[in-house]
file input04.pdb (PDB, C-alpha atoms)
ATOM      1  CA  MET A   1      17.480 -16.168-170.257
ATOM      2  CA  LYS A   2      13.854 -15.154-169.934
ATOM      3  CA  SER A   3      13.285 -17.803-167.275
ATOM      4  CA  GLN A   4      16.282 -16.576-165.254
ATOM      5  CA  LYS A   5      15.033 -12.992-165.505
ATOM      6  CA  PHE A   6      11.602 -14.121-164.389
ATOM      7  CA  LEU A   7      13.091 -15.962-161.407
ATOM      8  CA  ARG A   8      15.097 -12.909-160.388
ATOM      9  CA  GLN A   9      11.970 -10.756-160.532
ATOM     10  CA  CYS A  10      10.008 -13.274-158.411
ATOM     11  CA  SER A  11      12.873 -13.480-155.916
ATOM     12  CA  GLY A  12      13.046  -9.703-155.650
ATOM     13  CA  GLN A  13       9.301  -9.454-155.157
ATOM     14  CA  ALA A  14       9.400 -12.165-152.438
ATOM     15  CA  LYS A  15      12.298 -10.407-150.721
ATOM     16  CA  GLY A  16      10.459  -7.115-150.843
ATOM     17  CA  LYS A  17       7.326  -8.684-149.398
ATOM     18  CA  SER A  18       9.277 -10.375-146.559
ATOM     19  CA  GLN A  19      10.960  -7.080-145.637
ATOM     20  CA  LYS A  20       7.582  -5.385-145.777
ATOM     21  CA  TYR A  21       6.071  -7.993-143.424
ATOM     22  CA  LEU A  22       9.075  -7.695-141.122
ATOM     23  CA  PHE A  23       8.636  -3.927-140.841
ATOM     24  CA  ILE A  24       4.926  -4.390-140.224
ATOM     25  CA  GLY A  25       5.669  -6.985-137.496
ATOM     26  CA  ILE A  26       8.154  -4.678-135.755
ATOM     27  CA  PHE A  27       5.709  -1.791-135.990
ATOM     28  CA  LEU A  28       2.895  -3.871-134.476
ATOM     29  CA  LEU A  29       5.208  -5.045-131.663
ATOM     30  CA  VAL A  30       6.145  -1.451-130.798
ATOM     31  CA  VAL A  31       2.492  -0.412-130.836
ATOM     32  CA  PHE A  32       1.627  -3.380-128.600
ATOM     33  CA  LEU A  33       4.302  -2.444-126.056
ATOM     34  CA  LEU A  34       3.202   1.194-126.020
ATOM     35  CA  LEU A  35      -0.431   0.197-125.545
ATOM     36  CA  THR A  36       0.549  -2.241-122.791
ATOM     37  CA  LEU A  37       2.511   0.405-120.910
ATOM     38  CA  SER A  38      -0.284   2.912-121.357
ATOM     39  CA  SER A  39      -2.882   0.385-120.194
ATOM     40  CA  CYS A  40      -0.780  -0.596-117.199
ATOM     41  CA  GLY A  41      -0.356   3.051-116.319
ATOM     42  CA  LYS A  42      -4.093   3.706-116.457
ATOM     43  CA  LYS A  43      -4.952   0.583-114.478
ATOM     44  CA  GLY A  44      -2.291   1.403-111.907
ATOM     45  CA  GLU A  45      -3.650   4.918-111.621
ATOM     46  CA  GLU A  46      -7.193   3.651-111.153
ATOM     47  CA  ALA A  47      -6.486   0.649-108.919
ATOM     48  CA  SER A  48      -3.691   1.958-106.718
ATOM     49  CA  GLN A  49      -2.708   5.107-104.932
ATOM     50  CA  VAL A  50       0.322   7.253-105.455
ATOM     51  CA  VAL A  51       3.194   6.084-103.266
ATOM     52  CA  LYS A  52       6.329   7.885-102.188
ATOM     53  CA  VAL A  53       9.834   6.588-102.746
ATOM     54  CA  LYS A  54      11.563   5.859 -99.456
ATOM     55  CA  VAL A  55      15.219   5.335 -98.637
ATOM     56  CA  GLY A  56      16.031   2.449 -96.329
ATOM     57  CA  ASN A  57      17.725  -0.910 -95.845
ATOM     58  CA  ILE A  58      16.621  -4.199 -97.392
ATOM     59  CA  LYS A  59      17.615  -7.772 -96.605
ATOM     60  CA  ALA A  60      17.449 -11.088 -98.411
ATOM     61  CA  GLN A  61      16.975 -13.778 -95.782
ATOM     62  CA  ILE A  62      15.861 -17.363 -95.164
ATOM     63  CA  PRO A  63      13.437 -17.833 -92.240
ATOM     64  CA  VAL A  64      13.711 -21.134 -90.330
ATOM     65  CA  ASP A  65      11.927 -22.315 -87.178
ATOM     66  CA  GLY A  66      14.117 -22.955 -84.149
ATOM     67  CA  THR A  67      14.158 -23.637 -80.411
ATOM     68  CA  VAL A  68      16.183 -22.085 -77.594
ATOM     69  CA  GLU A  69      18.350 -24.761 -75.973
ATOM     70  CA  PRO A  70      21.402 -24.931 -73.710
ATOM     71  CA  PHE A  71      24.695 -25.125 -75.583
ATOM     72  CA  ASN A  72      26.008 -27.510 -72.926
ATOM     73  CA  ARG A  73      23.378 -28.911 -70.567
ATOM     74  CA  LEU A  74      24.731 -30.564 -67.438
ATOM     75  CA  GLU A  75      22.900 -32.326 -64.633
ATOM     76  CA  ILE A  76      24.494 -31.931 -61.206
ATOM     77  CA  LYS A  77      24.094 -35.181 -59.285
ATOM     78  CA  PRO A  78      24.954 -35.815 -55.601
ATOM     79  CA  PRO A  79      28.327 -37.399 -54.750
ATOM     80  CA  VAL A  80      26.601 -39.700 -52.227
ATOM     81  CA  ALA A  81      23.077 -40.853 -51.548
ATOM     82  CA  GLY A  82      21.413 -39.031 -48.693
ATOM     83  CA  ARG A  83      19.322 -35.984 -47.811
ATOM     84  CA  ILE A  84      19.485 -32.411 -49.126
ATOM     85  CA  GLU A  85      20.053 -29.974 -46.276
ATOM     86  CA  GLN A  86      20.335 -26.654 -48.094
ATOM     87  CA  VAL A  87      20.123 -25.345 -51.678
ATOM     88  CA  LEU A  88      22.085 -22.125 -52.133
ATOM     89  CA  VAL A  89      21.037 -21.103 -55.657
ATOM     90  CA  GLU A  90      17.865 -20.417 -57.616
ATOM     91  CA  GLU A  91      17.008 -20.802 -61.287
ATOM     92  CA  GLY A  92      18.716 -18.165 -63.432
ATOM     93  CA  ARG A  93      21.531 -17.650 -60.925
ATOM     94  CA  ALA A  94      25.006 -17.385 -62.443
ATOM     95  CA  VAL A  95      27.572 -19.702 -60.836
ATOM     96  CA  LYS A  96      31.295 -20.302 -61.190
ATOM     97  CA  LYS A  97      33.187 -23.552 -61.472
ATOM     98  CA  GLY A  98      33.845 -24.998 -57.982
ATOM     99  CA  GLN A  99      31.183 -22.862 -56.301
ATOM    100  CA  ILE A 100      29.134 -24.647 -53.609
ATOM    101  CA  VAL A 101      25.515 -24.784 -54.800
ATOM    102  CA  ALA A 102      24.032 -27.089 -52.148
ATOM    103  CA  TRP A 103      24.761 -28.969 -48.912
ATOM    104  CA  MET A 104      23.654 -32.525 -48.174
ATOM    105  CA  SER A 105      23.980 -35.230 -45.557
ATOM    106  CA  SER A 106      24.938 -38.761 -46.440
ATOM    107  CA  SER A 107      22.459 -41.457 -45.445
ATOM    108  CA  ASP A 108      24.590 -42.296 -42.376
ATOM    109  CA  ARG A 109      24.852 -38.657 -41.257
ATOM    110  CA  ALA A 110      21.122 -38.073 -41.787
ATOM    111  CA  ALA A 111      20.258 -41.119 -39.649
ATOM    112  CA  LEU A 112      22.712 -40.063 -36.913
ATOM    113  CA  LEU A 113      21.365 -36.493 -36.781
ATOM    114  CA  ASP A 114      17.791 -37.716 -36.618
ATOM    115  CA  ALA A 115      18.676 -39.923 -33.659
ATOM    116  CA  ALA A 116      20.557 -37.104 -31.900
ATOM    117  CA  ARG A 117      17.661 -34.695 -32.516
ATOM    118  CA  ALA A 118      15.380 -37.061 -30.652
ATOM    119  CA  VAL A 119      17.648 -36.763 -27.612
ATOM    120  CA  SER A 120      18.180 -32.990 -27.451
ATOM    121  CA  LYS A 121      19.193 -29.921 -29.379
ATOM    122  CA  GLU A 122      22.602 -30.005 -27.729
ATOM    123  CA  GLU A 123      23.180 -33.577 -28.894
ATOM    124  CA  GLU A 124      22.153 -32.667 -32.440
ATOM    125  CA  LYS A 125      24.490 -29.654 -32.424
ATOM    126  CA  LYS A 126      27.325 -31.828 -31.176
ATOM    127  CA  TRP A 127      27.053 -34.305 -34.034
ATOM    128  CA  GLU A 128      26.542 -31.562 -36.610
ATOM    129  CA  ASP A 129      29.966 -30.167 -35.643
ATOM    130  CA  VAL A 130      31.612 -33.600 -35.585
ATOM    131  CA  TYR A 131      30.052 -35.014 -38.735
ATOM    132  CA  LYS A 132      30.264 -32.313 -41.409
ATOM    133  CA  PRO A 133      27.812 -32.133 -44.361
ATOM    134  CA  THR A 134      28.845 -32.902 -47.929
ATOM    135  CA  PRO A 135      29.063 -29.996 -50.412
ATOM    136  CA  ILE A 136      27.693 -30.138 -53.973
ATOM    137  CA  VAL A 137      29.717 -27.919 -56.321
ATOM    138  CA  ALA A 138      29.204 -26.478 -59.807
ATOM    139  CA  PRO A 139      31.366 -28.313 -62.379
ATOM    140  CA  LEU A 140      31.662 -25.359 -64.783
ATOM    141  CA  ASN A 141      30.925 -21.671 -65.271
ATOM    142  CA  GLY A 142      27.329 -21.001 -66.281
ATOM    143  CA  PHE A 143      23.912 -20.541 -64.754
ATOM    144  CA  ILE A 144      21.188 -22.673 -63.183
ATOM    145  CA  ILE A 145      18.275 -23.554 -65.476
ATOM    146  CA  HIS A 146      16.433 -26.011 -63.217
ATOM    147  CA  LYS A 147      16.264 -26.760 -59.506
ATOM    148  CA  GLY A 148      15.102 -30.328 -59.002
ATOM    149  CA  VAL A 149      15.133 -30.698 -55.194
ATOM    150  CA  GLN A 150      14.127 -28.973 -51.980
ATOM    151  CA  PRO A 151      15.764 -29.091 -48.533
ATOM    152  CA  GLY A 152      14.821 -32.257 -46.664
ATOM    153  CA  GLN A 153      14.398 -34.304 -49.834
ATOM    154  CA  THR A 154      16.085 -37.689 -50.043
ATOM    155  CA  VAL A 155      18.173 -38.248 -53.197
ATOM    156  CA  ALA A 156      19.935 -41.166 -54.848
ATOM    157  CA  LEU A 157      23.169 -41.040 -56.818
ATOM    158  CA  SER A 158      21.201 -40.977 -60.084
ATOM    159  CA  ASP A 159      18.987 -38.004 -59.136
ATOM    160  CA  ALA A 160      19.687 -34.578 -60.665
ATOM    161  CA  VAL A 161      19.855 -32.041 -57.870
ATOM    162  CA  LEU A 162      20.324 -29.085 -60.225
ATOM    163  CA  VAL A 163      20.619 -28.578 -63.978
ATOM    164  CA  MET A 164      22.926 -25.913 -65.381
ATOM    165  CA  ALA A 165      24.083 -24.612 -68.758
ATOM    166  CA  ASP A 166      27.081 -22.620 -69.869
ATOM    167  CA  THR A 167      25.063 -20.527 -72.348
ATOM    168  CA  LEU A 168      21.848 -20.596 -74.397
ATOM    169  CA  ILE A 169      21.748 -20.972 -78.174
ATOM    170  CA  VAL A 170      19.037 -21.420 -80.795
ATOM    171  CA  LYS A 171      18.937 -24.686 -82.735
ATOM    172  CA  ALA A 172      17.352 -24.765 -86.174
ATOM    173  CA  GLN A 173      16.686 -27.585 -88.615
ATOM    174  CA  VAL A 174      17.648 -26.367 -92.090
ATOM    175  CA  ASP A 175      16.397 -28.116 -95.227
ATOM    176  CA  GLU A 176      19.208 -29.587 -97.322
ATOM    177  CA  THR A 177      18.181 -27.381-100.267
ATOM    178  CA  ASP A 178      18.850 -24.257 -98.164
ATOM    179  CA  LEU A 179      22.064 -25.524 -96.568
ATOM    180  CA  ARG A 180      24.223 -24.152 -99.397
ATOM    181  CA  ASN A 181      23.170 -20.644 -98.298
ATOM    182  CA  ILE A 182      24.343 -21.179 -94.685
ATOM    183  CA  SER A 183      27.955 -20.756 -93.556
ATOM    184  CA  LEU A 184      29.878 -20.527 -90.282
ATOM    185  CA  GLY A 185      29.923 -17.014 -88.864
ATOM    186  CA  GLN A 186      26.979 -15.941 -91.018
ATOM    187  CA  GLN A 187      24.794 -13.193 -89.613
ATOM    188  CA  ALA A 188      21.316 -14.131 -88.392
ATOM    189  CA  VAL A 189      18.445 -12.419 -86.608
ATOM    190  CA  ILE A 190      16.541 -14.300 -83.892
ATOM    191  CA  VAL A 191      12.885 -13.519 -83.187
ATOM    192  CA  LEU A 192      11.249 -15.254 -80.225
ATOM    193  CA  ASP A 193       7.550 -16.035 -80.558
ATOM    194  CA  ALA A 194       6.979 -14.675 -77.059
ATOM    195  CA  TYR A 195       8.885 -11.434 -77.785
ATOM    196  CA  ALA A 196       8.189 -10.774 -81.463
ATOM    197  CA  ASP A 197       9.075  -7.085 -81.105
ATOM    198  CA  ARG A 198      12.603  -7.814 -79.822
ATOM    199  CA  LEU A 199      15.192  -8.632 -82.490
ATOM    200  CA  ILE A 200      18.315 -10.482 -81.327
ATOM    201  CA  ASP A 201      21.466 -10.537 -83.452
ATOM    202  CA  GLY A 202      23.319 -13.826 -83.736
ATOM    203  CA  ARG A 203      25.937 -15.776 -85.692
ATOM    204  CA  VAL A 204      26.024 -19.306 -87.060
ATOM    205  CA  ASN A 205      28.163 -21.253 -84.592
ATOM    206  CA  HIS A 206      27.917 -24.843 -85.866
ATOM    207  CA  ILE A 207      26.512 -26.781 -88.841
ATOM    208  CA  ALA A 208      25.892 -30.506 -88.378
ATOM    209  CA  TYR A 209      27.724 -32.899 -90.679
ATOM    210  CA  GLU A 210      25.058 -35.578 -90.441
ATOM    211  CA  SER A 211      21.458 -35.107 -91.535
ATOM    212  CA  GLU A 212      18.223 -36.145 -89.877
ATOM    213  CA  VAL A 213      15.027 -37.166 -91.663
ATOM    214  CA  VAL A 214      12.049 -35.056 -90.565
ATOM    215  CA  ASN A 215       8.750 -35.561 -92.412
ATOM    216  CA  ASN A 216      10.617 -37.361 -95.222
ATOM    217  CA  VAL A 217      12.958 -34.376 -95.671
ATOM    218  CA  ASN A 218      16.700 -34.314 -94.977
ATOM    219  CA  VAL A 219      17.508 -31.536 -92.523
ATOM    220  CA  TYR A 220      20.713 -30.406 -90.831
ATOM    221  CA  GLU A 221      20.898 -28.973 -87.326
ATOM    222  CA  VAL A 222      22.366 -25.480 -87.252
ATOM    223  CA  ASP A 223      23.364 -23.728 -84.000
ATOM    224  CA  VAL A 224      22.977 -19.952 -83.820
ATOM    225  CA  LEU A 225      24.756 -18.195 -80.968
ATOM    226  CA  PRO A 226      23.222 -14.875 -79.806
ATOM    227  CA  LEU A 227      25.764 -12.061 -79.661
ATOM    228  CA  SER A 228      24.180 -10.928 -76.402
ATOM    229  CA  ILE A 229      21.786 -13.124 -74.434
ATOM    230  CA  PRO A 230      18.824 -11.089 -73.108
ATOM    231  CA  SER A 231      17.432 -11.707 -69.641
ATOM    232  CA  PHE A 232      14.133 -13.024 -71.031
ATOM    233  CA  PHE A 233      15.795 -15.916 -72.880
ATOM    234  CA  ARG A 234      14.508 -19.281 -71.624
ATOM    235  CA  ALA A 235      15.322 -22.832 -72.696
ATOM    236  CA  GLY A 236      12.494 -24.344 -74.758
ATOM    237  CA  MET A 237      11.233 -21.077 -76.263
ATOM    238  CA  SER A 238      10.110 -21.199 -79.902
ATOM    239  CA  ALA A 239      11.877 -18.855 -82.296
ATOM    240  CA  THR A 240      12.285 -17.886 -85.929
ATOM    241  CA  ILE A 241      15.832 -17.542 -87.234
ATOM    242  CA  ASN A 242      16.317 -15.272 -90.246
ATOM    243  CA  PHE A 243      19.599 -16.197 -91.926
ATOM    244  CA  ILE A 244      20.863 -13.070 -93.725
ATOM    245  CA  LEU A 245      21.911 -13.801 -97.326
ATOM    246  CA  SER A 246      22.589 -10.215 -98.414
ATOM    247  CA  GLN A 247      21.827  -6.704 -97.285
ATOM    248  CA  LYS A 248      21.647  -3.345 -99.054
ATOM    249  CA  ASN A 249      21.661  -0.097 -97.123
ATOM    250  CA  ASN A 250      20.388   3.347 -98.140
ATOM    251  CA  VAL A 251      18.513   2.210-101.250
ATOM    252  CA  MET A 252      15.309   3.596-102.763
ATOM    253  CA  MET A 253      12.316   1.411-101.945
ATOM    254  CA  LEU A 254       8.864   1.008-103.470
ATOM    255  CA  PRO A 255       6.065  -1.523-102.908
ATOM    256  CA  ILE A 256       6.527  -4.442-105.284
ATOM    257  CA  ASN A 257       3.129  -3.862-106.903
ATOM    258  CA  SER A 258       4.315  -0.406-107.993
ATOM    259  CA  VAL A 259       6.813  -1.936-110.439
ATOM    260  CA  VAL A 260       5.724  -3.359-113.814
ATOM    261  CA  THR A 261       8.033  -5.922-115.419
ATOM    262  CA  LEU A 262       8.016  -6.554-119.181
ATOM    263  CA  GLY A 263      10.514  -9.181-120.192
ATOM    264  CA  THR A 264      13.831  -8.198-118.639
ATOM    265  CA  GLN A 265      12.897  -4.547-118.122
ATOM    266  CA  SER A 266      11.129  -2.925-115.181
ATOM    267  CA  PHE A 267       9.080   0.282-115.218
ATOM    268  CA  VAL A 268       7.400   2.600-112.761
ATOM    269  CA  PHE A 269       4.811   5.251-113.529
ATOM    270  CA  ILE A 270       5.178   8.877-112.482
ATOM    271  CA  PRO A 271       2.056  11.037-112.217
ATOM    272  CA  GLN A 272       1.906  13.758-114.868
ATOM    273  CA  LYS A 273      -0.731  16.252-115.899
ATOM    274  CA  GLY A 274      -3.400  14.336-117.729
ATOM    275  CA  GLY A 275      -1.958  10.895-117.026
ATOM    276  CA  THR A 276       1.236   9.067-116.147
ATOM    277  CA  GLN A 277       4.685   8.688-117.607
ATOM    278  CA  SER A 278       6.539   5.363-117.630
ATOM    279  CA  VAL A 279      10.163   5.393-116.477
ATOM    280  CA  GLN A 280      12.509   2.435-116.750
ATOM    281  CA  VAL A 281      14.211   1.458-113.472
ATOM    282  CA  LYS A 282      16.758  -1.094-112.318
ATOM    283  CA  THR A 283      15.718  -3.412-109.511
ATOM    284  CA  LEU A 284      17.991  -5.134-107.012
ATOM    285  CA  LYS A 285      18.110  -8.912-107.028
TER
END
call {"tool": "encode", "arguments": {"input": "input04.pdb", "output": "structure tokens"}}
result
Amino acid sequence: MKSQKFLRQCSGQAKGKSQKYLFIGIFLLVVFLLLTLSSCGKKGEEASQVVKVKVGNIKAQIPVDGTVEPFNRLEIKPPVAGRIEQVLVEEGRAVKKGQIVAWMSSSDRAALLDAARAVSKEEEKKWEDVYKPTPIVAPLNGFIIHKGVQPGQTVALSDAVLVMADTLIVKAQVDETDLRNISLGQQAVIVLDAYADRLIDGRVNHIAYESEVVNNVNVYEVDVLPLSIPSFFRAGMSATINFILSQKNNVMMLPINSVVTLGTQSFVFIPQKGGTQSVQVKTLK
């Protein structure tokens, strides 16, 4: 009986000591947190300036390098070998399907006109009316992006007289780890290196199903179609595409170094007489 009583007393004393140490531990933890907040407040006050809370819009986005390219690039080649007589369009000119963009003479017509020209102007005019030139027409609606010939130049069937495109897009190579954040129709903002102050809204138009290996990394080609193509857009321009993941409008904003994070809680410090006061805030993720 005495031994049992002694054991109960020892157990009670041990329990009391453990509770005592627990209370001391909690107390020290609270003191540590208060000192940390106070220290952070003083350091923040000494090292940084007071900033004002602003209301604005914030975006979460993935920036990817890209290049402006034609959506459909088409070389216009002559229907016959011969000589270019007249080019009716310049680079950047919009054309419609079936529109005549150039006139040319076949090799036979060019040789005949040269011979007639050596005789007289009247003879040349006669054969020009009898032997009509061959038209070169645009195969689709779009615009001219390159003029490859000049009047008087001899061309073969394989030569590109003009190059046209239906529209311009921006192609980006997205890392496979970021592909899960990209979807068809997703909003994107295009920034050209040459016009960094001009933001161009766009949408994801196509995502490749097959990857390419670039610098030992699997990437997928993503086409971004501008909602409105500005006049300064040119094929081959370098660009940055910011794929928009999420956007919050009319939210309070502070510089990131104004927020102190302790564990899962975030705090800011408000100037008060004689110091600062910490206030817990909720940050957007």
call {"tool": "resolve_selection", "arguments": {"input": "input04.pdb", "expression": "the PyMOL selection byres ((chain A and resi 253) around 7)", "output": "MDAnalysis selection string"}}
result
chainID A and resid 53:56 251:252 254:255
call {"tool": "resolve_selection", "arguments": {"input": "input04.pdb", "expression": "the PyMOL selection byres ((chain A and resi 182) around 12)", "output": "PyMOL selection string"}}
result
chain A and resi 61-64+172-181+183-188+203-208+220-224+241-246
call {"tool": "resolve_selection", "arguments": {"input": "input04.pdb", "expression": "the PyMOL selection byres ((chain A and resi 138-143) around 7)", "output": "number ranges by chain"}}
result
A: 92-101, 137, 144-145, 164-167
call {"tool": "atom_distance", "arguments": {"input": "input04.pdb", "atom1": "atom CA of Ala110 of chain A", "atom2": "atom CA of Leu162 of chain A"}}
result
20.5 Å
call {"tool": "residues_around", "arguments": {"input": "input04.pdb", "residues": "Ala156 of chain A", "least_positions_apart": "3", "cutoff": "12 Å", "atoms": "all atoms listed in the file", "output": "ChimeraX atom specification"}}
result
/A:77-84,104-107,149,153,159-161
call {"tool": "residues_around", "arguments": {"input": "input04.pdb", "residues": "Ile270 of chain A", "least_positions_apart": "6", "cutoff": "9 Å", "atoms": "only C-alpha atoms", "output": "PDB file with C-alpha atoms, keeping the file's coordinate frame"}}
result
ATOM      1  CA  GLY A  41      -0.356   3.051-116.319  1.00  0.00           C
ATOM      2  CA  VAL A  50       0.322   7.253-105.455  1.00  0.00           C
ATOM      3  CA  THR A 276       1.236   9.067-116.147  1.00  0.00           C
ATOM      4  CA  GLN A 277       4.685   8.688-117.607  1.00  0.00           C
ATOM      5  CA  SER A 278       6.539   5.363-117.630  1.00  0.00           C
ATOM      6  CA  VAL A 279      10.163   5.393-116.477  1.00  0.00           C
TER       7      VAL A 279
END
call {"tool": "atom_distance", "arguments": {"input": "input04.pdb", "atom1": "atom CA of Gln247 of chain A", "atom2": "atom CA of Ala196 of chain A"}}
result
21.3 Å
call {"tool": "residues_around", "arguments": {"input": "input04.pdb", "residues": "Ala111 of chain A", "least_positions_apart": "6", "cutoff": "12 Å", "atoms": "all atoms listed in the file", "output": "number ranges by chain"}}
result
A: 82-83, 105, 117-118, 124, 127-128, 131, 154
call {"tool": "residues_around", "arguments": {"input": "input04.pdb", "residues": "Ile169 of chain A", "least_positions_apart": "4", "cutoff": "12 Å", "atoms": "only C-alpha atoms", "output": "ChimeraX atom specification"}}
result
/A:66-73,165,190,200-206,222-230,233-239,241
call {"tool": "closest_residue", "arguments": {"input": "input04.pdb", "among": "A:Phe269, A:Ile256, A:Thr134, A:Glu210", "to": "Thr283 of chain A", "atoms": "only C-alpha atoms"}}
result
A:Ile256
call {"tool": "atom_distance", "arguments": {"input": "input04.pdb", "atom1": "atom CA of Ile136 of chain A", "atom2": "atom CA of Ile76 of chain A"}}
result
8.1 Å
call {"tool": "closest_residue", "arguments": {"input": "input04.pdb", "among": "A:Lys52, A:Lys59, A:Lys282, A:Lys132", "to": "Thr264 of chain A", "atoms": "all atoms listed in the file"}}
result
A:Lys282
call {"tool": "closest_residue", "arguments": {"input": "input04.pdb", "among": "A:Ala194, A:Leu88, A:Ala115, A:Val217", "to": "Ala102 of chain A", "atoms": "all atoms listed in the file"}}
result
A:Leu88
call {"tool": "closest_residue", "arguments": {"input": "input04.pdb", "among": "A:Trp103, A:Glu212, A:Ser231, A:Gln265", "to": "Arg198 of chain A", "atoms": "only C-alpha atoms"}}
result
A:Ser231
call {"tool": "residues_near_point", "arguments": {"input": "input04.pdb", "point": "(20.3, 1.1, -93.2)", "cutoff": "8 Å", "atoms": "all atoms listed in the file", "output": "PyMOL selection string"}}
result
chain A and resi 56-58+248-250
call {"tool": "build_atoms", "arguments": {"input": "input04.pdb", "residues": "segment 130-151 of chain A", "atoms": "N, CA and C atoms", "output": "compact mmCIF listing (two decimals), in the frame of the given file"}}
result
# COMPACT_ATOMS: atom_id res chain seq x y z
N VAL A 130 30.69 -32.48 -35.41
CA VAL A 130 31.61 -33.60 -35.58
C VAL A 130 31.51 -34.19 -36.99
N TYR A 131 30.30 -34.34 -37.46
CA TYR A 131 30.05 -35.01 -38.74
C TYR A 131 29.60 -33.95 -39.74
N LYS A 132 30.54 -33.44 -40.52
CA LYS A 132 30.26 -32.31 -41.41
C LYS A 132 29.43 -32.74 -42.62
N PRO A 133 28.60 -31.82 -43.17
CA PRO A 133 27.81 -32.13 -44.36
C PRO A 133 28.70 -32.19 -45.61
N THR A 134 28.14 -32.75 -46.66
CA THR A 134 28.84 -32.90 -47.93
C THR A 134 28.44 -31.78 -48.88
N PRO A 135 29.42 -31.07 -49.47
CA PRO A 135 29.06 -30.00 -50.41
C PRO A 135 28.79 -30.55 -51.81
N ILE A 136 27.92 -29.88 -52.54
CA ILE A 136 27.69 -30.14 -53.97
C ILE A 136 28.16 -28.90 -54.72
N VAL A 137 29.09 -29.07 -55.67
CA VAL A 137 29.72 -27.92 -56.32
C VAL A 137 29.37 -27.87 -57.80
N ALA A 138 29.45 -26.67 -58.37
CA ALA A 138 29.20 -26.48 -59.81
C ALA A 138 30.42 -26.97 -60.59
N PRO A 139 30.23 -27.77 -61.63
CA PRO A 139 31.37 -28.31 -62.38
C PRO A 139 31.91 -27.37 -63.45
N LEU A 140 31.18 -26.30 -63.76
CA LEU A 140 31.66 -25.36 -64.78
C LEU A 140 31.02 -24.00 -64.59
N ASN A 141 31.53 -23.00 -65.31
CA ASN A 141 30.92 -21.67 -65.27
C ASN A 141 29.63 -21.68 -66.08
N GLY A 142 28.60 -21.06 -65.56
CA GLY A 142 27.33 -21.00 -66.28
C GLY A 142 26.23 -20.46 -65.39
N PHE A 143 25.04 -20.99 -65.57
CA PHE A 143 23.91 -20.54 -64.75
C PHE A 143 22.94 -21.70 -64.57
N ILE A 144 22.13 -21.62 -63.53
CA ILE A 144 21.19 -22.67 -63.18
C ILE A 144 19.93 -22.51 -64.03
N ILE A 145 19.51 -23.61 -64.68
CA ILE A 145 18.27 -23.55 -65.48
C ILE A 145 17.16 -24.39 -64.86
N HIS A 146 17.49 -25.22 -63.86
CA HIS A 146 16.43 -26.01 -63.22
C HIS A 146 16.90 -26.45 -61.83
N LYS A 147 16.01 -26.27 -60.86
CA LYS A 147 16.26 -26.76 -59.51
C LYS A 147 15.33 -27.93 -59.27
N GLY A 148 15.92 -29.12 -59.06
CA GLY A 148 15.10 -30.33 -59.00
C GLY A 148 14.81 -30.84 -57.61
N VAL A 149 15.34 -30.20 -56.57
CA VAL A 149 15.13 -30.70 -55.19
C VAL A 149 14.85 -29.55 -54.24
N GLN A 150 14.36 -29.91 -53.06
CA GLN A 150 14.13 -28.97 -51.98
C GLN A 150 14.81 -29.51 -50.72
N PRO A 151 15.16 -28.63 -49.78
CA PRO A 151 15.76 -29.09 -48.53
C PRO A 151 14.89 -30.13 -47.84
